$ cat data_39.cif   # mmCIF, C-alpha atoms (C1' of nucleotides)
data_final
loop_
_atom_site.label_atom_id
_atom_site.label_comp_id
_atom_site.auth_asym_id
_atom_site.auth_seq_id
_atom_site.Cartn_x
_atom_site.Cartn_y
_atom_site.Cartn_z
CA MET A 758 22.38 -17.49 20.21
CA ALA A 759 22.62 -18.81 16.66
CA ALA A 760 25.73 -18.45 14.61
CA ALA A 761 26.56 -15.56 12.30
CA ARG A 762 27.43 -17.87 9.47
CA ARG A 763 30.71 -16.90 7.83
CA ARG A 764 30.17 -15.85 4.23
CA THR A 765 31.90 -18.22 1.79
CA ASP A 766 33.69 -16.92 -1.25
CA GLY A 767 31.16 -16.73 -4.05
CA GLU A 768 28.37 -15.78 -1.70
CA ARG A 769 26.78 -12.37 -1.85
CA SER A 770 26.88 -10.07 1.14
CA ALA A 771 23.80 -9.50 3.26
CA ALA A 772 23.40 -6.00 1.82
CA ASP A 773 23.48 -7.35 -1.73
CA ARG A 774 20.91 -10.00 -0.92
CA ILE A 775 18.62 -7.48 0.74
CA LEU A 776 18.81 -5.10 -2.21
CA ALA A 777 18.26 -7.85 -4.79
CA THR A 778 15.29 -9.23 -2.89
CA ALA A 779 13.79 -5.81 -2.34
CA SER A 780 14.17 -4.88 -6.01
CA GLU A 781 12.42 -8.05 -7.03
CA LEU A 782 9.52 -7.72 -4.62
CA PHE A 783 9.09 -3.97 -5.00
CA TYR A 784 8.73 -4.42 -8.74
CA GLU A 785 6.60 -7.53 -8.73
CA ARG A 786 4.25 -6.75 -5.85
CA GLY A 787 4.60 -3.01 -5.39
CA ILE A 788 6.35 -1.04 -2.68
CA ARG A 789 3.54 -0.60 -0.19
CA ALA A 790 2.48 -4.20 -0.63
CA THR A 791 5.95 -5.43 0.34
CA GLY A 792 6.83 -5.34 4.02
CA VAL A 793 10.35 -5.23 5.40
CA ASN A 794 9.63 -8.44 7.28
CA THR A 795 9.03 -10.25 4.02
CA ILE A 796 12.16 -8.80 2.44
CA ALA A 797 14.32 -9.79 5.41
CA GLU A 798 12.89 -13.28 5.48
CA ARG A 799 13.37 -13.89 1.75
CA ALA A 800 16.90 -12.49 1.86
CA ALA A 801 17.71 -14.81 4.80
CA VAL A 802 18.63 -11.83 6.93
CA THR A 803 17.32 -10.35 10.15
CA LYS A 804 15.44 -7.10 10.20
CA VAL A 805 18.16 -5.63 12.39
CA THR A 806 20.70 -6.18 9.61
CA LEU A 807 18.37 -4.65 7.06
CA TYR A 808 17.96 -1.50 9.13
CA ALA A 809 21.68 -1.35 9.87
CA HIS A 810 22.38 -1.19 6.13
CA PHE A 811 19.56 0.95 4.79
CA GLY A 812 18.32 2.98 7.74
CA SER A 813 14.65 2.82 6.85
CA LYS A 814 12.27 1.37 4.31
CA ASP A 815 12.41 4.64 2.37
CA GLY A 816 16.18 4.35 2.32
CA LEU A 817 15.86 0.87 0.91
CA VAL A 818 13.39 2.11 -1.70
CA ALA A 819 15.84 4.82 -2.78
CA ALA A 820 18.70 2.31 -2.97
CA HIS A 821 16.49 0.02 -5.01
CA LEU A 822 15.71 2.77 -7.52
CA ARG A 823 19.38 3.72 -7.84
CA ALA A 824 20.34 0.09 -8.43
CA ARG A 825 17.54 -0.36 -10.95
CA ASP A 826 18.68 2.71 -12.83
CA GLN A 827 22.22 1.33 -13.05
CA ARG A 828 21.03 -2.08 -14.22
CA TRP A 829 18.75 -0.46 -16.76
CA TRP A 830 21.53 1.51 -18.43
CA ALA A 831 23.92 -1.42 -18.39
CA GLU A 832 21.42 -3.63 -20.22
CA PHE A 833 20.36 -0.87 -22.56
CA ASP A 834 23.91 0.05 -23.55
CA GLU A 835 24.72 -3.55 -24.19
CA TYR A 836 21.65 -3.95 -26.36
CA LEU A 837 22.55 -0.94 -28.50
CA ALA A 838 26.27 -1.64 -28.69
CA SER A 839 26.23 -3.05 -32.20
CA CYS A 840 24.23 -0.21 -33.77
CA THR A 841 25.88 2.25 -36.11
CA THR A 842 23.32 4.55 -37.73
CA ALA A 843 20.79 6.71 -35.90
CA GLU A 844 17.86 4.93 -37.54
CA GLU A 845 19.26 1.63 -36.36
CA TRP A 846 19.62 2.99 -32.84
CA LEU A 847 16.06 4.19 -32.84
CA GLU A 848 14.62 0.91 -34.03
CA THR A 849 16.77 -1.11 -31.66
CA THR A 850 15.61 1.05 -28.77
CA PHE A 851 12.04 -0.06 -29.33
CA ASP A 852 13.22 -3.63 -29.79
CA ALA A 853 15.09 -3.43 -26.49
CA TYR A 854 11.93 -2.36 -24.69
CA GLN A 855 10.04 -5.20 -26.31
CA ALA A 856 12.69 -7.73 -25.30
CA TRP A 857 12.58 -6.38 -21.76
CA ALA A 858 8.83 -6.86 -21.64
CA LEU A 859 9.21 -10.45 -22.78
CA ALA A 860 11.78 -11.35 -20.14
CA GLY A 861 10.15 -12.39 -16.89
CA GLU A 862 7.05 -11.04 -15.21
CA PHE A 863 6.36 -7.70 -16.91
CA ARG A 864 4.66 -5.09 -14.76
CA GLY A 865 5.44 -1.93 -16.74
CA CYS A 866 8.05 0.64 -15.82
CA GLY A 867 9.26 0.17 -12.27
CA PHE A 868 10.08 3.85 -11.98
CA VAL A 869 6.64 4.98 -13.04
CA ASN A 870 5.02 2.45 -10.73
CA ALA A 871 7.21 3.62 -7.86
CA ALA A 872 6.37 7.25 -8.58
CA THR A 873 2.65 6.59 -8.23
CA GLU A 874 3.19 4.81 -4.93
CA LEU A 875 5.52 7.42 -3.42
CA THR A 876 2.85 9.99 -2.62
CA ALA A 877 5.15 12.07 -0.42
CA ALA A 878 6.35 14.76 -2.83
CA ASP A 879 9.73 15.08 -1.13
CA HIS A 880 10.61 11.39 -1.20
CA PRO A 881 14.23 10.98 -2.42
CA GLY A 882 12.98 8.44 -4.94
CA HIS A 883 11.35 11.12 -7.08
CA ALA A 884 14.70 12.70 -7.93
CA ILE A 885 16.08 9.34 -9.03
CA ILE A 886 13.02 8.64 -11.14
CA GLY A 887 13.16 12.07 -12.75
CA GLY A 888 16.86 11.63 -13.48
CA HIS A 889 16.25 8.25 -15.08
CA LYS A 890 13.58 9.58 -17.41
CA ALA A 891 15.62 12.66 -18.27
CA GLY A 892 18.52 10.41 -19.19
CA ILE A 893 16.41 8.43 -21.62
CA ARG A 894 15.17 11.61 -23.23
CA ARG A 895 18.75 12.87 -23.66
CA TYR A 896 19.66 9.56 -25.25
CA LEU A 897 16.82 9.88 -27.76
CA GLU A 898 17.72 13.47 -28.49
CA ALA A 899 21.22 12.37 -29.38
CA PHE A 900 19.73 9.95 -31.94
CA ALA A 901 17.59 12.72 -33.41
CA THR A 902 20.54 15.09 -33.62
CA GLU A 903 22.67 12.45 -35.27
CA ALA A 904 19.88 11.75 -37.72
CA GLY A 905 20.01 15.40 -38.73
CA CYS A 906 16.56 16.36 -37.46
CA ALA A 907 15.78 20.06 -37.62
CA HIS A 908 14.14 19.98 -34.18
CA PRO A 909 15.79 17.05 -32.37
CA ALA A 910 14.42 17.88 -28.91
CA GLU A 911 10.86 17.79 -30.13
CA VAL A 912 11.17 14.58 -32.11
CA ALA A 913 12.95 12.94 -29.20
CA GLU A 914 10.12 13.95 -26.91
CA GLU A 915 7.60 12.38 -29.28
CA TRP A 916 9.56 9.14 -29.35
CA PHE A 917 9.74 9.28 -25.60
CA LEU A 918 5.97 9.62 -25.32
CA LEU A 919 5.50 6.64 -27.64
CA LEU A 920 7.85 4.55 -25.51
CA GLU A 921 6.08 5.50 -22.30
CA GLY A 922 2.68 4.86 -23.79
CA ALA A 923 3.72 1.51 -25.19
CA THR A 924 5.18 0.47 -21.84
CA VAL A 925 1.99 1.25 -19.92
CA THR A 926 -0.23 -0.30 -22.56
CA ALA A 927 1.87 -3.44 -22.95
CA SER A 928 1.63 -3.93 -19.21
CA LEU A 929 -2.14 -3.44 -19.06
CA ARG A 930 -2.81 -5.63 -22.07
CA HIS A 931 -0.18 -8.28 -21.33
CA SER A 932 1.08 -7.93 -24.89
CA THR A 933 4.23 -6.67 -26.54
CA GLU A 934 2.39 -5.56 -29.66
CA PRO A 935 2.26 -1.90 -28.51
CA PHE A 936 6.05 -1.69 -28.81
CA HIS A 937 5.83 -2.83 -32.41
CA ARG A 938 3.18 -0.22 -33.12
CA ALA A 939 5.16 2.49 -31.32
CA ARG A 940 8.26 1.69 -33.34
CA HIS A 941 6.24 1.99 -36.51
CA ALA A 942 4.98 5.43 -35.49
CA ALA A 943 8.42 6.59 -34.38
CA LEU A 944 9.89 5.83 -37.78
CA ARG A 945 7.11 7.75 -39.48
CA LEU A 946 7.78 10.73 -37.24
CA LEU A 947 11.46 10.76 -38.08
CA PRO A 948 11.52 11.95 -41.71
CA ALA A 949 8.49 14.17 -41.36
CA THR A 950 10.28 16.73 -39.19
CA ASN A 951 13.56 16.42 -40.88
CA ARG A 952 14.81 15.63 -44.33
CA ALA A 953 11.51 15.74 -46.19
CA MET B 1087 -27.27 6.04 20.90
CA ALA B 1088 -26.91 8.96 18.51
CA ALA B 1089 -29.52 9.71 15.93
CA ALA B 1090 -29.55 8.48 12.36
CA ARG B 1091 -29.89 12.03 11.15
CA ARG B 1092 -32.68 12.32 8.62
CA ARG B 1093 -31.25 13.27 5.26
CA THR B 1094 -32.57 16.68 4.22
CA ASP B 1095 -33.53 17.29 0.63
CA GLY B 1096 -30.40 18.41 -1.16
CA GLU B 1097 -28.15 16.19 0.92
CA ARG B 1098 -26.35 13.23 -0.60
CA SER B 1099 -26.97 9.73 0.69
CA ALA B 1100 -24.40 7.93 2.79
CA ALA B 1101 -23.49 5.67 -0.13
CA ASP B 1102 -22.90 8.67 -2.38
CA ARG B 1103 -20.72 10.35 0.20
CA ILE B 1104 -18.69 7.19 0.74
CA LEU B 1105 -18.14 6.70 -2.98
CA ALA B 1106 -17.21 10.33 -3.58
CA THR B 1107 -14.78 10.35 -0.68
CA ALA B 1108 -13.24 7.04 -1.68
CA SER B 1109 -12.80 8.17 -5.28
CA GLU B 1110 -11.05 11.30 -4.12
CA LEU B 1111 -8.70 9.57 -1.70
CA PHE B 1112 -8.00 6.53 -3.88
CA TYR B 1113 -6.91 8.83 -6.68
CA GLU B 1114 -4.97 11.36 -4.62
CA ARG B 1115 -3.25 9.04 -2.16
CA GLY B 1116 -3.49 5.64 -3.79
CA ILE B 1117 -5.67 2.68 -2.93
CA ARG B 1118 -3.40 0.83 -0.52
CA ALA B 1119 -2.48 4.06 1.21
CA THR B 1120 -6.13 4.82 1.95
CA GLY B 1121 -7.75 2.91 4.80
CA VAL B 1122 -11.46 2.31 5.14
CA ASN B 1123 -11.35 4.02 8.52
CA THR B 1124 -10.16 7.23 6.87
CA ILE B 1125 -12.82 7.01 4.17
CA ALA B 1126 -15.61 6.45 6.68
CA GLU B 1127 -14.41 9.30 8.86
CA ARG B 1128 -14.11 11.78 5.97
CA ALA B 1129 -17.51 10.75 4.61
CA ALA B 1130 -19.05 11.26 8.07
CA VAL B 1131 -20.24 7.69 8.08
CA THR B 1132 -19.58 4.68 10.27
CA LYS B 1133 -17.56 1.76 9.05
CA VAL B 1134 -20.58 -0.47 9.49
CA THR B 1135 -22.53 1.61 6.97
CA LEU B 1136 -19.61 1.47 4.56
CA TYR B 1137 -19.48 -2.30 4.72
CA ALA B 1138 -23.26 -2.59 4.47
CA HIS B 1139 -23.15 -0.74 1.14
CA PHE B 1140 -20.00 -2.05 -0.49
CA GLY B 1141 -19.27 -5.38 1.17
CA SER B 1142 -15.51 -5.02 1.28
CA LYS B 1143 -12.74 -2.63 0.44
CA ASP B 1144 -12.30 -4.39 -2.90
CA GLY B 1145 -15.99 -3.90 -3.56
CA LEU B 1146 -15.58 -0.21 -2.87
CA VAL B 1147 -12.57 -0.08 -5.18
CA ALA B 1148 -14.58 -1.67 -7.98
CA ALA B 1149 -17.47 0.74 -7.41
CA HIS B 1150 -15.02 3.62 -7.47
CA LEU B 1151 -13.59 2.51 -10.83
CA ARG B 1152 -17.06 2.10 -12.32
CA ALA B 1153 -18.07 5.56 -11.13
CA ARG B 1154 -14.84 7.08 -12.41
CA ASP B 1155 -15.41 5.52 -15.81
CA GLN B 1156 -18.89 7.01 -16.00
CA ARG B 1157 -17.68 10.47 -14.95
CA TRP B 1158 -14.85 10.26 -17.45
CA TRP B 1159 -17.13 9.61 -20.42
CA ALA B 1160 -19.63 12.23 -19.34
CA GLU B 1161 -16.94 14.92 -19.19
CA PHE B 1162 -15.28 13.71 -22.37
CA ASP B 1163 -18.49 13.66 -24.39
CA GLU B 1164 -19.37 17.12 -23.19
CA TYR B 1165 -15.94 18.40 -24.17
CA LEU B 1166 -16.21 16.99 -27.67
CA ALA B 1167 -19.84 17.90 -28.21
CA SER B 1168 -19.15 20.94 -30.40
CA CYS B 1169 -16.72 19.22 -32.77
CA THR B 1170 -17.71 18.44 -36.33
CA THR B 1171 -14.75 17.18 -38.36
CA ALA B 1172 -12.53 14.25 -37.45
CA GLU B 1173 -9.44 16.45 -37.28
CA GLU B 1174 -11.23 18.72 -34.85
CA TRP B 1175 -12.24 15.74 -32.74
CA LEU B 1176 -8.69 14.51 -32.63
CA GLU B 1177 -7.22 17.85 -31.62
CA THR B 1178 -9.93 18.45 -29.05
CA THR B 1179 -9.26 15.03 -27.53
CA PHE B 1180 -5.73 16.05 -26.69
CA ASP B 1181 -6.99 19.41 -25.45
CA ALA B 1182 -9.46 17.62 -23.21
CA TYR B 1183 -6.69 15.59 -21.63
CA GLN B 1184 -4.66 18.75 -21.12
CA ALA B 1185 -7.60 20.51 -19.50
CA TRP B 1186 -8.15 17.52 -17.25
CA ALA B 1187 -4.53 17.65 -16.14
CA LEU B 1188 -4.85 21.32 -15.27
CA ALA B 1189 -7.96 20.86 -13.14
CA GLY B 1190 -7.08 19.93 -9.57
CA GLU B 1191 -4.32 17.73 -8.26
CA PHE B 1192 -3.12 15.76 -11.28
CA ARG B 1193 -1.76 12.30 -10.52
CA GLY B 1194 -1.93 10.70 -13.96
CA CYS B 1195 -4.52 8.17 -15.07
CA GLY B 1196 -6.46 6.83 -12.10
CA PHE B 1197 -7.12 3.57 -13.96
CA VAL B 1198 -3.47 2.95 -14.73
CA ASN B 1199 -2.51 3.80 -11.17
CA ALA B 1200 -5.16 1.45 -9.84
CA ALA B 1201 -4.01 -1.33 -12.16
CA THR B 1202 -0.47 -1.17 -10.77
CA GLU B 1203 -1.79 -1.32 -7.21
CA LEU B 1204 -4.23 -4.19 -7.82
CA THR B 1205 -1.65 -6.96 -7.94
CA ALA B 1206 -4.23 -9.74 -7.66
CA ALA B 1207 -4.77 -10.73 -11.29
CA ASP B 1208 -8.41 -11.66 -10.72
CA HIS B 1209 -9.46 -8.43 -9.03
CA PRO B 1210 -12.75 -7.22 -10.56
CA GLY B 1211 -11.15 -3.83 -11.09
CA HIS B 1212 -8.97 -5.09 -13.93
CA ALA B 1213 -11.97 -5.80 -16.15
CA ILE B 1214 -13.29 -2.28 -15.58
CA ILE B 1215 -9.89 -0.78 -16.34
CA GLY B 1216 -9.52 -2.85 -19.49
CA GLY B 1217 -12.99 -1.87 -20.63
CA HIS B 1218 -12.26 1.78 -20.06
CA LYS B 1219 -9.11 1.72 -22.16
CA ALA B 1220 -10.74 -0.34 -24.89
CA GLY B 1221 -13.53 2.23 -25.06
CA ILE B 1222 -11.08 5.06 -25.62
CA ARG B 1223 -9.35 3.12 -28.36
CA ARG B 1224 -12.68 2.50 -30.08
CA TYR B 1225 -13.44 6.19 -29.89
CA LEU B 1226 -10.14 7.04 -31.55
CA GLU B 1227 -10.67 4.43 -34.21
CA ALA B 1228 -13.98 6.04 -35.08
CA PHE B 1229 -12.13 9.33 -35.64
CA ALA B 1230 -9.58 7.62 -37.85
CA THR B 1231 -12.28 5.91 -39.88
CA GLU B 1232 -14.20 9.14 -40.29
CA ALA B 1233 -10.99 10.86 -41.39
CA GLY B 1234 -10.71 8.28 -44.15
CA CYS B 1235 -7.55 6.59 -42.94
CA ALA B 1236 -6.55 3.48 -44.83
CA HIS B 1237 -5.63 1.67 -41.58
CA PRO B 1238 -7.79 3.29 -38.90
CA ALA B 1239 -7.10 0.72 -36.19
CA GLU B 1240 -3.37 1.21 -36.43
CA VAL B 1241 -3.45 4.99 -36.46
CA ALA B 1242 -5.88 4.96 -33.55
CA GLU B 1243 -3.52 2.75 -31.60
CA GLU B 1244 -0.67 5.18 -32.25
CA TRP B 1245 -2.76 8.08 -31.01
CA PHE B 1246 -3.70 6.02 -28.02
CA LEU B 1247 -0.04 5.36 -27.20
CA LEU B 1248 0.72 9.08 -27.48
CA LEU B 1249 -2.13 9.88 -25.11
CA GLU B 1250 -1.02 7.30 -22.58
CA GLY B 1251 2.59 8.42 -22.79
CA ALA B 1252 1.66 12.06 -22.42
CA THR B 1253 -0.51 11.29 -19.39
CA VAL B 1254 2.26 9.45 -17.56
CA THR B 1255 4.87 12.01 -18.49
CA ALA B 1256 2.72 15.00 -17.61
CA SER B 1257 2.16 13.47 -14.21
CA LEU B 1258 5.85 12.75 -13.57
CA ARG B 1259 7.00 16.15 -14.78
CA HIS B 1260 4.13 18.17 -13.33
CA SER B 1261 3.64 19.80 -16.70
CA THR B 1262 0.97 19.78 -19.38
CA GLU B 1263 3.46 20.34 -22.17
CA PRO B 1264 3.55 16.61 -23.09
CA PHE B 1265 -0.07 16.82 -24.22
CA HIS B 1266 0.80 19.65 -26.55
CA ARG B 1267 3.69 17.65 -27.96
CA ALA B 1268 1.56 14.51 -28.30
CA ARG B 1269 -1.11 16.42 -30.17
CA HIS B 1270 1.51 17.70 -32.55
CA ALA B 1271 2.76 14.18 -33.24
CA ALA B 1272 -0.76 12.80 -33.62
CA LEU B 1273 -1.57 15.30 -36.33
CA ARG B 1274 1.62 14.42 -38.18
CA LEU B 1275 0.67 10.74 -38.02
CA LEU B 1276 -2.80 11.41 -39.47
CA PRO B 1277 -2.04 12.28 -43.10
CA ALA B 1278 0.98 10.04 -43.37
CA THR B 1279 -1.06 6.85 -43.29
CA ASN B 1280 -3.97 8.16 -45.20
CA ARG B 1281 -4.55 10.68 -47.89
CA ALA B 1282 -0.97 11.30 -48.87
"C1'" DT C 295 -49.57 0.01 15.42
"C1'" DA C 296 -46.08 -2.98 13.42
"C1'" DC C 297 -42.55 -3.67 10.30
"C1'" DT C 298 -38.60 -2.52 7.47
"C1'" DA C 299 -34.75 0.19 5.96
"C1'" DT C 300 -31.09 3.05 7.03
"C1'" DA C 301 -27.91 4.74 9.79
"C1'" DC C 302 -25.93 5.57 14.11
"C1'" DA C 303 -22.21 4.41 18.34
"C1'" DT C 304 -18.99 1.59 20.48
"C1'" DA C 305 -16.00 -2.06 20.96
"C1'" DC C 306 -13.18 -5.62 19.59
"C1'" DA C 307 -10.74 -9.57 17.05
"C1'" DG C 308 -6.81 -10.82 14.70
"C1'" DG C 309 -3.43 -9.57 11.92
"C1'" DT C 310 0.30 -6.51 9.79
"C1'" DT C 311 3.11 -2.45 9.67
"C1'" DT C 312 7.73 0.06 10.63
"C1'" DG C 313 11.19 0.38 13.70
"C1'" DT C 314 14.03 -0.53 18.05
"C1'" DA C 315 16.18 -2.77 22.19
"C1'" DT C 316 18.99 -6.31 23.91
"C1'" DA C 317 22.09 -9.91 23.93
"C1'" DG C 318 24.94 -13.33 21.80
"C1'" DT C 319 28.21 -15.30 18.06
"C1'" DA C 320 31.69 -15.72 14.38
"C1'" DC C 321 35.44 -14.00 12.05
"C1'" DC C 322 39.55 -10.99 10.91
"C1'" DA C 323 43.38 -8.09 11.90
"C1'" DA C 324 46.59 -5.89 14.87
"C1'" DT D 966 44.55 -11.67 23.04
"C1'" DT D 967 42.01 -8.00 22.20
"C1'" DG D 968 39.03 -5.16 19.58
"C1'" DG D 969 36.18 -4.22 15.69
"C1'" DT D 970 32.90 -5.66 12.25
"C1'" DA D 971 29.17 -8.07 10.69
"C1'" DC D 972 25.82 -10.69 11.64
"C1'" DT D 973 22.15 -13.64 14.29
"C1'" DA D 974 18.13 -14.38 17.48
"C1'" DT D 975 14.34 -12.88 20.04
"C1'" DA D 976 11.19 -9.76 21.75
"C1'" DC D 977 8.67 -5.81 21.82
"C1'" DA D 978 6.33 -1.02 21.11
"C1'" DA D 979 2.90 1.55 18.95
"C1'" DA D 980 0.38 2.25 15.28
"C1'" DC D 981 -2.32 0.80 11.68
"C1'" DC D 982 -5.14 -2.56 8.86
"C1'" DT D 983 -9.74 -5.02 7.40
"C1'" DG D 984 -13.75 -6.72 9.04
"C1'" DT D 985 -17.43 -7.97 12.56
"C1'" DA D 986 -20.48 -8.08 16.73
"C1'" DT D 987 -23.88 -5.82 19.36
"C1'" DG D 988 -27.18 -2.69 20.31
"C1'" DT D 989 -29.86 1.78 19.40
"C1'" DA D 990 -32.44 5.49 17.01
"C1'" DT D 991 -35.12 7.54 13.30
"C1'" DA D 992 -38.27 7.69 9.43
"C1'" DG D 993 -41.41 5.86 5.98
"C1'" DT D 994 -44.95 2.48 4.91
"C1'" DA D 995 -48.56 -0.93 5.24
#
$ encode --input "data_39.cif" --output "structure tokens"
Amino acid sequence: MAAARRRTDGERSAADRILATASELFYERGIRATGVNTIAERAAVTKVTLYAHFGSKDGLVAAHLRARDQRWWAEFDEYLASCTTAEEWLETTFDAYQAWALAGEFRGCGFVNAATELTAADHPGHAIIGGHKAGIRRYLEAFATEAGCAHPAEVAEEWFLLLEGATVTASLRHSTEPFHRARHAALRLLPATNRA
Amino acid sequence: MAAARRRTDGERSAADRILATASELFYERGIRATGVNTIAERAAVTKVTLYAHFGSKDGLVAAHLRARDQRWWAEFDEYLASCTTAEEWLETTFDAYQAWALAGEFRGCGFVNAATELTAADHPGHAIIGGHKAGIRRYLEAFATEAGCAHPAEVAEEWFLLLEGATVTASLRHSTEPFHRARHAALRLLPATNRA
DNA sequence: TACTATACATACAGGTTTGTATAGTACCAA
DNA sequence: TTGGTACTATACAAACCTGTATGTATAGTA
């Protein structure tokens, strides 16, 4: 029937378009609230193509989470590239979260939101989400170790809890002030365990 | 056709059964994932009765959030009834959260989960959720004031962020350890702002 | 006795969901 | 020129969704 339009040079592949569209809609509207029909339509792709690439909606959800994880680390690393001391890293981490919340429609952590929607305990997404969060905690622990904390794992965990709490609260309150407050608390927790 | 079975003495009304069932399923499976058909069936009630009482699914969601808020405060107040000093209140607050996470299937904060599912910004649920969280913050601020903190609002907010972060993290990790860690951090944040 | 409230049963409308089946088209490389 | 890849278009199955229409039965109250 209609033509399979030949993809011109700078154009993204169908798979790329599907994944980008899905990531956007899954985050902004939620996973259950976003149907594959809508994704296919917005990506200017047929449902057949979508299923050929991702197998199922759950497969697309997993791919979305993997892609989001990659994007997250790329942006985060770039944000922290100029830091030198551990204190600077720590502060900039909270600033990075705040900047992220200011850019575009903020709906909290996409991984946490996905986890609450994926009620099937064996969904492949849960492993990706867990890995993402574990990675952040390792990152923070490296800061704490570098800062010479006596118990780096514990301080890192406390920073992590502040970041998670600030993310949820900033989303609910439509404000970035919680990140500022969390940063303040994190700095106060740093010397107390360590070099007092 | 079949009888409208007369409710015997100790038996709950249809409305009560609907609300209890909905609260259970909305929390355990999520709001979008729970259909009104399922709720009616599990509550041993017809869909017509459900709609007569709550008007719409959104109406039922709002009623569920209101009821959950009431239950929450009742349990919380009871848990903190025996406390006398502000420090004791603070510690017991974190213990109460931990105990809550241990009882039954823990899926994080039902209000936060609901907020991420209710993508319509004008859904009546959002006001209830916001009120619930504001109430907790006020409670914490009262502790901080009683403890003689110089900046009670700010310390209370930091405790609040720790509680929120611990709740999300405990849910994702299927562990209550985050509450223990959060309590530890909260206590370290108490004297630092205040009576140092 | 008459009225009202509450709940029942059944059926359906109209839409959306995920996923598949079938057939046709455009391009590239051997 | 032939075959493979990547895609399009349309149509459908089967289940589920929210919400309503219609009629019936029971119990308390005036």
$ resolve_selection --input "data_39.cif" --expression "the PyMOL selection byres ((chain B) within 9 of (chain A))" --output "PDB file with C-alpha atoms, in the frame of the given file"
ATOM      1  CA  GLU B1114      -4.970  11.360  -4.620  1.00  0.00           C
ATOM      2  CA  ARG B1115      -3.250   9.040  -2.160  1.00  0.00           C
ATOM      3  CA  GLY B1116      -3.490   5.640  -3.790  1.00  0.00           C
ATOM      4  CA  ARG B1118      -3.400   0.830  -0.520  1.00  0.00           C
ATOM      5  CA  ALA B1119      -2.480   4.060   1.210  1.00  0.00           C
ATOM      6  CA  ARG B1193      -1.760  12.300 -10.520  1.00  0.00           C
ATOM      7  CA  GLY B1194      -1.930  10.700 -13.960  1.00  0.00           C
ATOM      8  CA  VAL B1198      -3.470   2.950 -14.730  1.00  0.00           C
ATOM      9  CA  ASN B1199      -2.510   3.800 -11.170  1.00  0.00           C
ATOM     10  CA  ALA B1201      -4.010  -1.330 -12.160  1.00  0.00           C
ATOM     11  CA  THR B1202      -0.470  -1.170 -10.770  1.00  0.00           C
ATOM     12  CA  GLU B1203      -1.790  -1.320  -7.210  1.00  0.00           C
ATOM     13  CA  THR B1205      -1.650  -6.960  -7.940  1.00  0.00           C
ATOM     14  CA  HIS B1212      -8.970  -5.090 -13.930  1.00  0.00           C
ATOM     15  CA  ILE B1215      -9.890  -0.780 -16.340  1.00  0.00           C
ATOM     16  CA  GLY B1216      -9.520  -2.850 -19.490  1.00  0.00           C
ATOM     17  CA  GLU B1240      -3.370   1.210 -36.430  1.00  0.00           C
ATOM     18  CA  VAL B1241      -3.450   4.990 -36.460  1.00  0.00           C
ATOM     19  CA  GLU B1243      -3.520   2.750 -31.600  1.00  0.00           C
ATOM     20  CA  GLU B1244      -0.670   5.180 -32.250  1.00  0.00           C
ATOM     21  CA  PHE B1246      -3.700   6.020 -28.020  1.00  0.00           C
ATOM     22  CA  LEU B1247      -0.040   5.360 -27.200  1.00  0.00           C
ATOM     23  CA  LEU B1248       0.720   9.080 -27.480  1.00  0.00           C
ATOM     24  CA  LEU B1249      -2.130   9.880 -25.110  1.00  0.00           C
ATOM     25  CA  GLU B1250      -1.020   7.300 -22.580  1.00  0.00           C
ATOM     26  CA  GLY B1251       2.590   8.420 -22.790  1.00  0.00           C
ATOM     27  CA  ALA B1252       1.660  12.060 -22.420  1.00  0.00           C
ATOM     28  CA  THR B1253      -0.510  11.290 -19.390  1.00  0.00           C
ATOM     29  CA  VAL B1254       2.260   9.450 -17.560  1.00  0.00           C
ATOM     30  CA  THR B1255       4.870  12.010 -18.490  1.00  0.00           C
ATOM     31  CA  LEU B1258       5.850  12.750 -13.570  1.00  0.00           C
ATOM     32  CA  ARG B1259       7.000  16.150 -14.780  1.00  0.00           C
ATOM     33  CA  PRO B1264       3.550  16.610 -23.090  1.00  0.00           C
ATOM     34  CA  ARG B1267       3.690  17.650 -27.960  1.00  0.00           C
ATOM     35  CA  ALA B1268       1.560  14.510 -28.300  1.00  0.00           C
ATOM     36  CA  HIS B1270       1.510  17.700 -32.550  1.00  0.00           C
ATOM     37  CA  ALA B1271       2.760  14.180 -33.240  1.00  0.00           C
ATOM     38  CA  ARG B1274       1.620  14.420 -38.180  1.00  0.00           C
ATOM     39  CA  LEU B1275       0.670  10.740 -38.020  1.00  0.00           C
ATOM     40  CA  ALA B1278       0.980  10.040 -43.370  1.00  0.00           C
TER      41      ALA B1278
END
$ closest_atom_pairs --input "data_39.cif" --of "chain D" --to "chain A" --cutoff "8 Å" --atoms "all atoms listed in the file" --output "JSON lines"
{"residue": "D:DC972", "atom": "C1'", "partner": "A:Ala761", "partner_atom": "CA", "distance": 5.0}
{"residue": "D:DT973", "atom": "C1'", "partner": "A:Ala761", "partner_atom": "CA", "distance": 5.2}
{"residue": "D:DA974", "atom": "C1'", "partner": "A:Met758", "partner_atom": "CA", "distance": 5.9}
$ closest_residue --input "data_39.cif" --among "A:Val818, A:Val793, A:Leu776, A:Cys840" --to "C:DT310" --atoms "all atoms listed in the file"
A:Val793
$ interface_residues --input "data_39.cif" --of "chain C" --to "chain A" --cutoff "7 Å" --atoms "only C-alpha atoms (C1' of nucleotides)" --output "PyMOL selection string"
chain C and resi 318-321
$ atom_distance --input "data_39.cif" --atom1 "atom CA of B:Glu1263" --atom2 "atom CA of A:Pro909"
16.3 Å
$ residues_around --input "data_39.cif" --residues "D:DA978" --least-positions-apart "4" --cutoff "12 Å" --atoms "all atoms listed in the file" --output "NGL selection string"
:C and (311-315)
